>>> print(open('upload.cif').read())   # mmCIF, C-alpha atoms and all ligand atoms
data_coords
loop_
_atom_site.label_atom_id
_atom_site.label_comp_id
_atom_site.auth_asym_id
_atom_site.auth_seq_id
_atom_site.Cartn_x
_atom_site.Cartn_y
_atom_site.Cartn_z
CA MET A 1 93.64 102.71 101.33
CA SER A 2 97.37 102.35 101.74
CA VAL A 3 99.77 99.94 103.41
CA ASP A 4 103.37 100.82 104.27
CA VAL A 5 105.18 97.53 103.71
CA GLU A 6 108.02 97.38 106.23
CA ASP A 7 108.89 94.98 109.04
CA TYR A 8 108.45 95.66 112.76
CA PHE A 9 112.20 96.03 113.29
CA GLN A 10 112.43 98.79 110.65
CA VAL A 11 110.12 101.15 112.47
CA TRP A 12 111.76 104.41 113.42
CA ALA A 13 110.61 104.19 117.05
CA LEU A 14 112.65 100.97 117.44
CA SER A 15 115.81 102.39 115.87
CA PRO A 16 117.45 103.30 119.21
CA VAL A 17 117.56 99.55 119.95
CA ILE A 18 117.72 97.81 116.54
CA ARG A 19 120.45 99.20 114.31
CA ARG A 20 120.17 99.33 110.53
CA ASP A 21 123.18 96.98 110.24
CA ASP A 22 121.36 94.34 112.30
CA TRP A 23 118.19 94.11 110.19
CA ASP A 24 119.31 90.90 108.52
CA ASP A 25 119.70 89.23 111.94
CA HIS A 26 115.91 89.31 112.39
CA ALA A 27 113.58 86.77 110.81
CA LEU A 28 111.38 88.40 108.19
CA ARG A 29 107.75 88.63 109.38
CA VAL A 30 106.48 91.19 106.86
CA ASP A 31 105.95 88.56 104.15
CA ALA A 32 103.43 86.58 106.25
CA SER A 33 101.73 89.62 107.79
CA THR A 34 101.29 91.31 104.39
CA ARG A 35 99.73 88.12 103.02
CA ARG A 36 97.20 88.29 105.87
CA VAL A 37 96.46 91.86 104.83
CA LEU A 38 95.95 90.70 101.23
CA ASP A 39 93.46 88.04 102.40
CA LEU A 40 91.61 90.59 104.50
CA PHE A 41 91.34 92.92 101.48
CA ASP A 42 90.10 90.07 99.27
CA GLN A 43 87.37 89.17 101.77
CA ARG A 44 86.09 92.75 101.71
CA GLN A 45 86.82 93.34 98.03
CA ALA A 46 89.03 96.29 98.87
CA LYS A 47 91.88 97.52 96.71
CA ALA A 48 94.87 99.43 98.05
CA THR A 49 98.27 100.97 97.36
CA PHE A 50 101.26 99.14 98.89
CA PHE A 51 104.13 101.55 99.56
CA THR A 52 106.95 99.02 99.79
CA LEU A 53 110.58 99.25 100.89
CA GLY A 54 113.13 98.23 98.23
CA TRP A 55 114.89 96.28 101.01
CA VAL A 56 111.75 94.17 101.54
CA ALA A 57 111.21 93.64 97.79
CA GLU A 58 114.74 92.21 97.45
CA ARG A 59 114.03 89.66 100.20
CA ALA A 60 110.40 88.82 99.34
CA PRO A 61 110.00 89.09 95.54
CA ASN A 62 107.14 86.58 95.57
CA LEU A 63 105.19 88.85 97.89
CA ILE A 64 105.63 91.71 95.42
CA ARG A 65 104.24 89.57 92.60
CA GLU A 66 101.31 88.57 94.84
CA ILE A 67 100.45 92.21 95.61
CA VAL A 68 100.31 92.95 91.88
CA ALA A 69 98.48 89.72 90.99
CA ARG A 70 95.68 90.52 93.45
CA GLY A 71 95.01 93.82 91.71
CA HIS A 72 96.67 96.28 94.07
CA GLU A 73 98.96 99.20 93.28
CA LEU A 74 102.69 98.67 93.88
CA ALA A 75 104.41 101.89 95.02
CA SER A 76 107.67 103.00 96.62
CA HIS A 77 108.46 103.62 100.29
CA GLY A 78 112.17 104.21 99.54
CA TYR A 79 114.93 101.62 99.90
CA ASP A 80 115.59 101.27 103.62
CA HIS A 81 113.40 103.73 105.51
CA VAL A 82 115.87 106.60 105.77
CA LYS A 83 114.10 109.88 106.44
CA VAL A 84 114.27 112.24 103.48
CA PHE A 85 115.38 115.19 105.62
CA ASP A 86 118.41 113.10 106.68
CA GLN A 87 119.45 112.64 103.02
CA THR A 88 121.19 114.98 100.59
CA PRO A 89 119.37 115.60 97.29
CA ASP A 90 121.82 113.23 95.55
CA GLU A 91 121.30 110.49 98.13
CA PHE A 92 117.53 110.88 97.81
CA ARG A 93 117.70 110.67 94.02
CA ALA A 94 119.85 107.51 94.15
CA ASP A 95 117.51 105.97 96.74
CA VAL A 96 114.26 106.54 94.85
CA GLU A 97 115.75 105.52 91.48
CA LYS A 98 117.11 102.28 92.93
CA THR A 99 113.87 101.45 94.76
CA LYS A 100 111.70 102.12 91.70
CA ARG A 101 113.92 99.79 89.63
CA ILE A 102 113.83 96.98 92.24
CA LEU A 103 110.04 97.19 92.59
CA GLU A 104 109.41 97.35 88.84
CA ASP A 105 111.71 94.37 88.22
CA ALA A 106 110.00 92.32 90.94
CA GLY A 107 106.42 93.34 90.14
CA GLY A 108 106.57 93.73 86.37
CA VAL A 109 104.54 96.97 86.54
CA ALA A 110 105.37 100.67 86.42
CA VAL A 111 105.64 102.41 89.79
CA ALA A 112 103.91 105.81 89.98
CA GLY A 113 103.64 106.55 93.70
CA PHE A 114 106.04 107.33 96.53
CA ARG A 115 105.65 107.78 100.28
CA ALA A 116 108.51 109.15 102.38
CA ALA A 117 109.51 107.19 105.49
CA GLY A 118 107.83 108.80 108.49
CA PHE A 119 106.27 111.57 106.31
CA SER A 120 109.76 113.11 106.23
CA ILE A 121 109.31 115.52 103.31
CA ASP A 122 108.91 119.01 104.72
CA GLN A 123 110.35 122.54 104.62
CA ARG A 124 113.86 121.04 105.01
CA THR A 125 113.50 119.18 101.69
CA PRO A 126 112.22 121.71 99.11
CA TRP A 127 113.94 119.66 96.35
CA ALA A 128 112.17 116.36 97.04
CA HIS A 129 109.11 116.62 94.79
CA GLU A 130 111.13 117.82 91.83
CA ILE A 131 113.48 114.83 92.14
CA LEU A 132 110.50 112.46 92.37
CA ALA A 133 109.08 113.94 89.16
CA GLU A 134 112.44 113.74 87.39
CA THR A 135 112.81 110.07 88.34
CA GLY A 136 109.44 109.17 86.81
CA HIS A 137 107.11 109.22 89.81
CA LEU A 138 103.64 110.67 89.18
CA TYR A 139 102.52 111.35 92.73
CA SER A 140 103.66 111.43 96.33
CA SER A 141 101.63 110.73 99.46
CA SER A 142 104.20 112.01 101.93
CA SER A 143 102.39 114.79 103.71
CA HIS A 144 100.57 114.41 107.04
CA PRO A 145 99.39 117.97 107.52
CA ILE A 146 98.90 118.09 111.30
CA ARG A 147 100.88 119.15 114.35
CA HIS A 148 102.84 116.11 115.60
CA ASP A 149 106.05 115.56 117.55
CA HIS A 150 107.83 113.75 114.68
CA TYR A 151 106.38 115.19 111.47
CA GLY A 152 103.77 117.37 109.91
CA ASP A 153 103.00 120.94 108.92
CA PRO A 154 99.58 122.01 110.24
CA ASN A 155 99.40 124.71 107.55
CA ALA A 156 100.07 122.47 104.53
CA PRO A 157 97.11 121.80 102.19
CA ARG A 158 94.77 118.96 103.21
CA ALA A 159 93.74 118.04 99.66
CA PRO A 160 95.83 116.76 96.72
CA HIS A 161 97.77 119.58 95.05
CA ARG A 162 100.50 120.02 92.46
CA LEU A 163 104.00 120.47 93.86
CA GLY A 164 107.36 120.41 92.04
CA GLY A 165 105.96 118.77 88.91
CA LEU A 166 103.80 116.04 90.44
CA ILE A 167 100.78 115.56 92.68
CA GLU A 168 101.14 115.54 96.47
CA ALA A 169 98.23 113.62 98.00
CA PRO A 170 98.28 114.09 101.80
CA VAL A 171 96.90 111.43 104.12
CA ALA A 172 93.47 112.19 105.60
CA THR A 173 92.82 114.91 108.12
CA THR A 174 89.70 116.61 109.38
CA GLU A 175 88.91 119.73 111.37
CA VAL A 176 87.16 119.59 114.73
CA PHE A 177 86.46 122.82 116.64
CA GLY A 178 88.94 124.66 114.44
CA ARG A 179 91.73 122.18 115.18
CA ARG A 180 93.13 119.93 112.48
CA ILE A 181 93.41 116.29 113.47
CA SER A 182 94.49 113.13 111.72
CA SER A 183 91.96 110.71 110.29
CA ALA A 184 94.65 108.67 108.58
CA GLY A 185 95.60 105.74 110.79
CA GLY A 186 98.82 104.93 112.60
CA GLY A 187 98.91 104.72 116.39
CA TRP A 188 95.90 107.01 116.58
CA PHE A 189 93.62 104.44 114.93
CA ARG A 190 94.79 101.69 117.28
CA ALA A 191 94.31 103.91 120.34
CA ALA A 192 90.84 105.31 119.61
CA PRO A 193 87.54 103.44 119.91
CA TYR A 194 86.47 102.29 116.45
CA ALA A 195 83.23 104.35 116.51
CA LEU A 196 85.24 107.56 116.94
CA SER A 197 87.67 106.63 114.14
CA ARG A 198 84.78 105.87 111.86
CA ARG A 199 83.17 109.27 112.54
CA LEU A 200 86.43 111.11 111.89
CA ILE A 201 87.06 109.23 108.65
CA ALA A 202 83.49 109.89 107.45
CA ARG A 203 83.96 113.55 108.30
CA ALA A 204 87.26 113.70 106.41
CA ALA A 205 85.59 112.06 103.41
CA ASP A 206 82.82 114.69 103.46
CA SER A 207 85.17 117.64 103.76
CA LEU A 208 88.16 116.66 101.60
CA ASP A 209 88.37 117.64 97.96
CA GLY A 210 89.98 114.37 96.89
CA PRO A 211 90.49 110.85 98.24
CA THR A 212 90.49 110.09 101.97
CA ILE A 213 93.85 108.34 102.38
CA PHE A 214 94.22 105.93 105.30
CA TYR A 215 97.42 104.04 106.11
CA PHE A 216 98.64 101.23 108.33
CA HIS A 217 101.50 98.74 108.52
CA PRO A 218 101.44 94.92 108.30
CA TRP A 219 103.27 94.72 111.68
CA GLU A 220 100.22 96.36 113.29
CA ILE A 221 98.23 93.12 112.85
CA ASP A 222 101.20 90.96 113.89
CA ALA A 223 100.48 90.68 117.62
CA GLU A 224 102.97 87.82 117.99
CA GLN A 225 105.95 89.87 116.84
CA PRO A 226 109.01 89.58 119.12
CA ARG A 227 108.99 92.22 121.85
CA VAL A 228 111.97 94.57 121.73
CA ASP A 229 113.48 95.40 125.13
CA GLY A 230 114.97 98.74 126.14
CA LEU A 231 112.60 101.10 124.32
CA PRO A 232 111.64 104.48 125.75
CA VAL A 233 108.20 104.26 127.44
CA LYS A 234 106.45 106.46 124.89
CA SER A 235 107.76 104.43 121.94
CA ARG A 236 106.84 101.16 123.65
CA LEU A 237 103.29 102.32 124.31
CA ARG A 238 102.85 103.60 120.78
CA HIS A 239 104.27 100.56 119.06
CA TYR A 240 102.53 97.80 121.00
CA LEU A 241 99.17 99.40 121.80
CA ASN A 242 96.17 97.22 120.83
CA LEU A 243 98.00 95.13 118.21
CA ASP A 244 95.69 92.23 119.06
CA ARG A 245 92.61 94.29 118.17
CA MET A 246 93.87 95.82 114.96
CA GLU A 247 92.77 93.13 112.53
CA ALA A 248 89.15 93.19 113.73
CA LYS A 249 89.11 96.99 113.60
CA LEU A 250 90.51 96.99 110.10
CA ASP A 251 87.91 94.50 109.00
CA ARG A 252 85.15 96.86 110.16
CA LEU A 253 86.86 99.77 108.42
CA LEU A 254 87.03 97.80 105.18
CA SER A 255 83.34 96.91 105.32
CA ASP A 256 82.11 100.37 106.37
CA PHE A 257 83.72 102.30 103.47
CA ASP A 258 84.71 101.62 99.85
CA TRP A 259 88.48 101.52 99.47
CA GLY A 260 90.59 101.71 96.33
CA ARG A 261 94.07 102.34 94.95
CA ILE A 262 95.53 105.84 95.20
CA ASP A 263 96.61 105.91 91.53
CA ASP A 264 93.00 105.25 90.51
CA ALA A 265 91.63 107.82 92.94
CA LEU A 266 93.99 110.49 91.59
CA GLY A 267 93.54 109.47 87.95
CA VAL A 268 97.32 109.33 87.42
CA ASN A 269 97.13 106.34 85.09
CA ARG A 270 95.09 108.46 82.71
CA LEU A 271 97.89 111.01 82.99
CA ARG A 272 100.46 108.35 82.14
CA GLY A 273 98.38 107.28 79.14
CA ALA A 274 98.22 110.88 77.92
CA THR A 275 101.98 111.46 78.13
CA ALA A 276 103.14 108.02 76.93
ZN ZN A 301 107.37 103.53 106.93
#
>>> encode(input="upload.cif", output="structure tokens")
Amino acid sequence: MSVDVEDYFQVWALSPVIRRDDWDDHALRVDASTRRVLDLFDQRQAKATFFTLGWVAERAPNLIREIVARGHELASHGYDHVKVFDQTPDEFRADVEKTKRILEDAGGVAVAGFRAAGFSIDQRTPWAHEILAETGHLYSSSSHPIRHDHYGDPNAPRAPHRLGGLIEAPVATTEVFGRRISSAGGGWFRAAPYALSRRLIARAADSLDGPTIFYFHPWEIDAEQPRVDGLPVKSRLRHYLNLDRMEAKLDRLLSDFDWGRIDDALGVNRLRGATA
């Protein structure tokens, strides 16, 4: 299980309306919504990996300590949600080094994992995994190997594999009638009836050689978040669809399957022990 810890106003779909420079004008909601996620996980005894923005960690250090204290994995989602294919290799290196340091200082634990904003590591960024390995990361979960309008390579491996000196652990997909589809969360999980999602996730779990990685965002259970005017129709539909039903759906998902941390599922802590 994974959670991408970012606030509603940092979502890429809202970027035509809310500029990066204006983030600090918005009241932080991610602290409260992530705490609700933590309570939900506690009730179902689920553990997860929290891919967290450095920007959020600087503003909510107590939340970072709480994530660690409740037994979850603290991991990096980059500093401020810039897509990797919009960065130079040097900018990417500076970003992931800085974020790792901020998270480790706030959480008091080593950070092993990284997830690119919007799954933005692809054929345009052949240097990304190597830089992650050089900066001390042990795995990445930045691949969503499907056909999609914003990201994805439908021919990339579905299971964890070694790439550029570390492990790439893609989020969950399954194959239906020869077509690869996502079983990983996002807008798809909010749109589909729960019974269908459950079937697809079970199918992914049966067919994947490795963990079935699901992801969502704390803002997806924050139905009271301020509505942003002026969005394109498609973005508005995607962002606001079924927010009020998400928490109940998640609760069923947490009780229907056993969920754990990605570092445990990949055995990377053993790896760290062996090389330390
Ligand atoms: Zn994100």
>>> atom_distance(input="upload.cif", atom1="CA of Arg180 (chain A)", atom2="CA of Gly152 (chain A)")
11.2 Å
>>> residues_near_ligand(input="upload.cif", ligand="ligand ZN 301 (chain A)", cutoff="7 Å", atoms="all atoms listed in the file", output="list in words")
Asp4, Glu6, Val11, His77, His81, Ala117 and Gly118 of chain A
>>> closest_residue(input="upload.cif", among="A:Arg101, A:Arg59, A:Arg158, A:His137", to="Leu208 (chain A)", atoms="only C-alpha atoms")
A:Arg158
>>> closest_residue(input="upload.cif", among="A:Arg29, A:Lys100, A:Arg270, A:Arg203", to="Gly136 (chain A)", atoms="all atoms listed in the file")
A:Lys100
>>> residues_around(input="upload.cif", residues="Ala159 (chain A)", least_positions_apart="3", cutoff="10 Å", atoms="only C-alpha atoms", output="JSON, numbers by chain")
{"A": [145, 156, 168, 169, 170, 171, 172, 173, 207, 208, 209, 210, 211, 212]}
>>> write_last_selection(input="upload.cif", atoms="C-alpha atoms", output="PDB file, in the frame of the given file")
ATOM      1  CA  PRO A 145      99.390 117.970 107.520  1.00  0.00           C
ATOM      2  CA  ALA A 156     100.070 122.470 104.530  1.00  0.00           C
ATOM      3  CA  GLU A 168     101.140 115.540  96.470  1.00  0.00           C
ATOM      4  CA  ALA A 169      98.230 113.620  98.000  1.00  0.00           C
ATOM      5  CA  PRO A 170      98.280 114.090 101.800  1.00  0.00           C
ATOM      6  CA  VAL A 171      96.900 111.430 104.120  1.00  0.00           C
ATOM      7  CA  ALA A 172      93.470 112.190 105.600  1.00  0.00           C
ATOM      8  CA  THR A 173      92.820 114.910 108.120  1.00  0.00           C
ATOM      9  CA  SER A 207      85.170 117.640 103.760  1.00  0.00           C
ATOM     10  CA  LEU A 208      88.160 116.660 101.600  1.00  0.00           C
ATOM     11  CA  ASP A 209      88.370 117.640  97.960  1.00  0.00           C
ATOM     12  CA  GLY A 210      89.980 114.370  96.890  1.00  0.00           C
ATOM     13  CA  PRO A 211      90.490 110.850  98.240  1.00  0.00           C
ATOM     14  CA  THR A 212      90.490 110.090 101.970  1.00  0.00           C
TER      15      THR A 212
END
>>> closest_residue(input="upload.cif", among="A:Ile262, A:Ile131, A:Ala69, A:Ala205", to="Phe92 (chain A)", atoms="only C-alpha atoms")
A:Ile131
>>> closest_residue(input="upload.cif", among="A:Leu40, A:Ile213, A:Ala110, A:Ala195", to="Leu250 (chain A)", atoms="all atoms listed in the file")
A:Leu40
>>> closest_residue(input="upload.cif", among="A:Ala192, A:Ala133, A:Val111, A:Leu163", to="Glu73 (chain A)", atoms="all atoms listed in the file")
A:Val111
>>> closest_residue(input="upload.cif", among="A:Thr135, A:Thr99, A:Ser76, A:Thr49", to="Phe214 (chain A)", atoms="all atoms listed in the file")
A:Thr49
>>> atom_distance(input="upload.cif", atom1="CA of Ile167 (chain A)", atom2="CA of Asp42 (chain A)")
28.4 Å
>>> decode(input="upload.cif", residues="region 2-88 of chain A", atoms="C-alpha atoms", output="mmCIF file, in the first residue's frame")
data_model
loop_
_atom_site.group_PDB
_atom_site.id
_atom_site.type_symbol
_atom_site.label_atom_id
_atom_site.label_comp_id
_atom_site.auth_asym_id
_atom_site.auth_seq_id
_atom_site.Cartn_x
_atom_site.Cartn_y
_atom_site.Cartn_z
ATOM 1 C CA SER A 2 1.270 3.475 -0.745
ATOM 2 C CA VAL A 3 0.155 7.039 -0.112
ATOM 3 C CA ASP A 4 1.447 10.017 -2.092
ATOM 4 C CA VAL A 5 1.545 12.766 0.528
ATOM 5 C CA GLU A 6 0.772 16.033 -1.245
ATOM 6 C CA ASP A 7 -1.965 18.630 -0.854
ATOM 7 C CA TYR A 8 -4.927 19.105 -3.197
ATOM 8 C CA PHE A 9 -3.493 22.334 -4.614
ATOM 9 C CA GLN A 10 -0.246 20.579 -5.642
ATOM 10 C CA VAL A 11 -1.939 18.169 -8.013
ATOM 11 C CA TRP A 12 -0.762 18.516 -11.572
ATOM 12 C CA ALA A 13 -4.318 18.727 -12.956
ATOM 13 C CA LEU A 14 -4.852 21.935 -10.927
ATOM 14 C CA SER A 15 -1.596 23.571 -12.033
ATOM 15 C CA PRO A 16 -3.213 25.618 -14.848
ATOM 16 C CA VAL A 17 -5.115 27.498 -12.110
ATOM 17 C CA ILE A 18 -2.913 27.314 -8.976
ATOM 18 C CA ARG A 19 0.653 28.394 -9.634
ATOM 19 C CA ARG A 20 3.631 26.948 -7.772
ATOM 20 C CA ASP A 21 4.411 30.411 -6.349
ATOM 21 C CA ASP A 22 0.946 30.581 -4.766
ATOM 22 C CA TRP A 23 1.092 27.317 -2.802
ATOM 23 C CA ASP A 24 1.807 29.100 0.465
ATOM 24 C CA ASP A 25 -1.391 31.167 0.054
ATOM 25 C CA HIS A 26 -3.479 28.022 0.611
ATOM 26 C CA ALA A 27 -4.199 26.601 4.054
ATOM 27 C CA LEU A 28 -2.510 23.234 4.504
ATOM 28 C CA ARG A 29 -5.071 20.395 4.532
ATOM 29 C CA VAL A 30 -2.696 17.472 3.949
ATOM 30 C CA ASP A 31 -1.705 17.283 7.622
ATOM 31 C CA ALA A 32 -5.282 16.588 8.789
ATOM 32 C CA SER A 33 -6.216 14.343 5.858
ATOM 33 C CA THR A 34 -3.057 12.226 6.250
ATOM 34 C CA ARG A 35 -3.834 11.789 9.956
ATOM 35 C CA ARG A 36 -7.247 10.422 8.951
ATOM 36 C CA VAL A 37 -5.449 7.990 6.664
ATOM 37 C CA LEU A 38 -3.203 6.935 9.558
ATOM 38 C CA ASP A 39 -6.257 6.262 11.747
ATOM 39 C CA LEU A 40 -7.896 4.258 8.987
ATOM 40 C CA PHE A 41 -4.735 2.139 8.619
ATOM 41 C CA ASP A 42 -4.551 1.589 12.382
ATOM 42 C CA GLN A 43 -8.160 0.385 12.493
ATOM 43 C CA ARG A 44 -7.413 -2.224 9.828
ATOM 44 C CA GLN A 45 -3.882 -2.969 11.018
ATOM 45 C CA ALA A 46 -2.469 -2.043 7.637
ATOM 46 C CA LYS A 47 1.042 -0.760 7.055
ATOM 47 C CA ALA A 48 2.039 1.415 4.114
ATOM 48 C CA THR A 49 4.731 3.482 2.416
ATOM 49 C CA PHE A 50 4.210 7.267 2.493
ATOM 50 C CA PHE A 51 5.873 8.936 -0.507
ATOM 51 C CA THR A 52 6.079 12.470 0.863
ATOM 52 C CA LEU A 53 6.952 15.826 -0.704
ATOM 53 C CA GLY A 54 9.915 17.621 0.913
ATOM 54 C CA TRP A 55 7.775 20.782 0.746
ATOM 55 C CA VAL A 56 5.132 19.130 2.944
ATOM 56 C CA ALA A 57 7.720 17.745 5.390
ATOM 57 C CA GLU A 58 9.117 21.260 5.967
ATOM 58 C CA ARG A 59 5.640 22.546 6.869
ATOM 59 C CA ALA A 60 4.347 19.529 8.824
ATOM 60 C CA PRO A 61 7.330 17.907 10.593
ATOM 61 C CA ASN A 62 5.072 16.508 13.326
ATOM 62 C CA LEU A 63 3.111 14.609 10.699
ATOM 63 C CA ILE A 64 6.354 13.037 9.454
ATOM 64 C CA ARG A 65 7.213 11.872 12.971
ATOM 65 C CA GLU A 66 3.684 10.465 13.345
ATOM 66 C CA ILE A 67 3.976 8.449 10.105
ATOM 67 C CA VAL A 68 7.198 6.883 11.398
ATOM 68 C CA ALA A 69 5.900 6.388 14.952
ATOM 69 C CA ARG A 70 2.904 4.406 13.685
ATOM 70 C CA GLY A 71 5.199 1.928 11.952
ATOM 71 C CA HIS A 72 4.953 3.055 8.340
ATOM 72 C CA GLU A 73 7.704 3.563 5.786
ATOM 73 C CA LEU A 74 8.752 7.158 5.082
ATOM 74 C CA ALA A 75 9.797 7.645 1.442
ATOM 75 C CA SER A 76 10.414 10.470 -1.026
ATOM 76 C CA HIS A 77 8.042 12.001 -3.571
ATOM 77 C CA GLY A 78 10.577 14.716 -4.519
ATOM 78 C CA TYR A 79 10.628 18.261 -3.161
ATOM 79 C CA ASP A 80 7.800 20.106 -4.892
ATOM 80 C CA HIS A 81 6.151 17.783 -7.400
ATOM 81 C CA VAL A 82 8.120 18.790 -10.481
ATOM 82 C CA LYS A 83 7.951 16.118 -13.161
ATOM 83 C CA VAL A 84 11.271 14.381 -13.676
ATOM 84 C CA PHE A 85 11.121 14.763 -17.463
ATOM 85 C CA ASP A 86 10.913 18.547 -16.932
ATOM 86 C CA GLN A 87 14.192 18.516 -14.947
ATOM 87 C CA THR A 88 17.814 18.296 -16.067
#
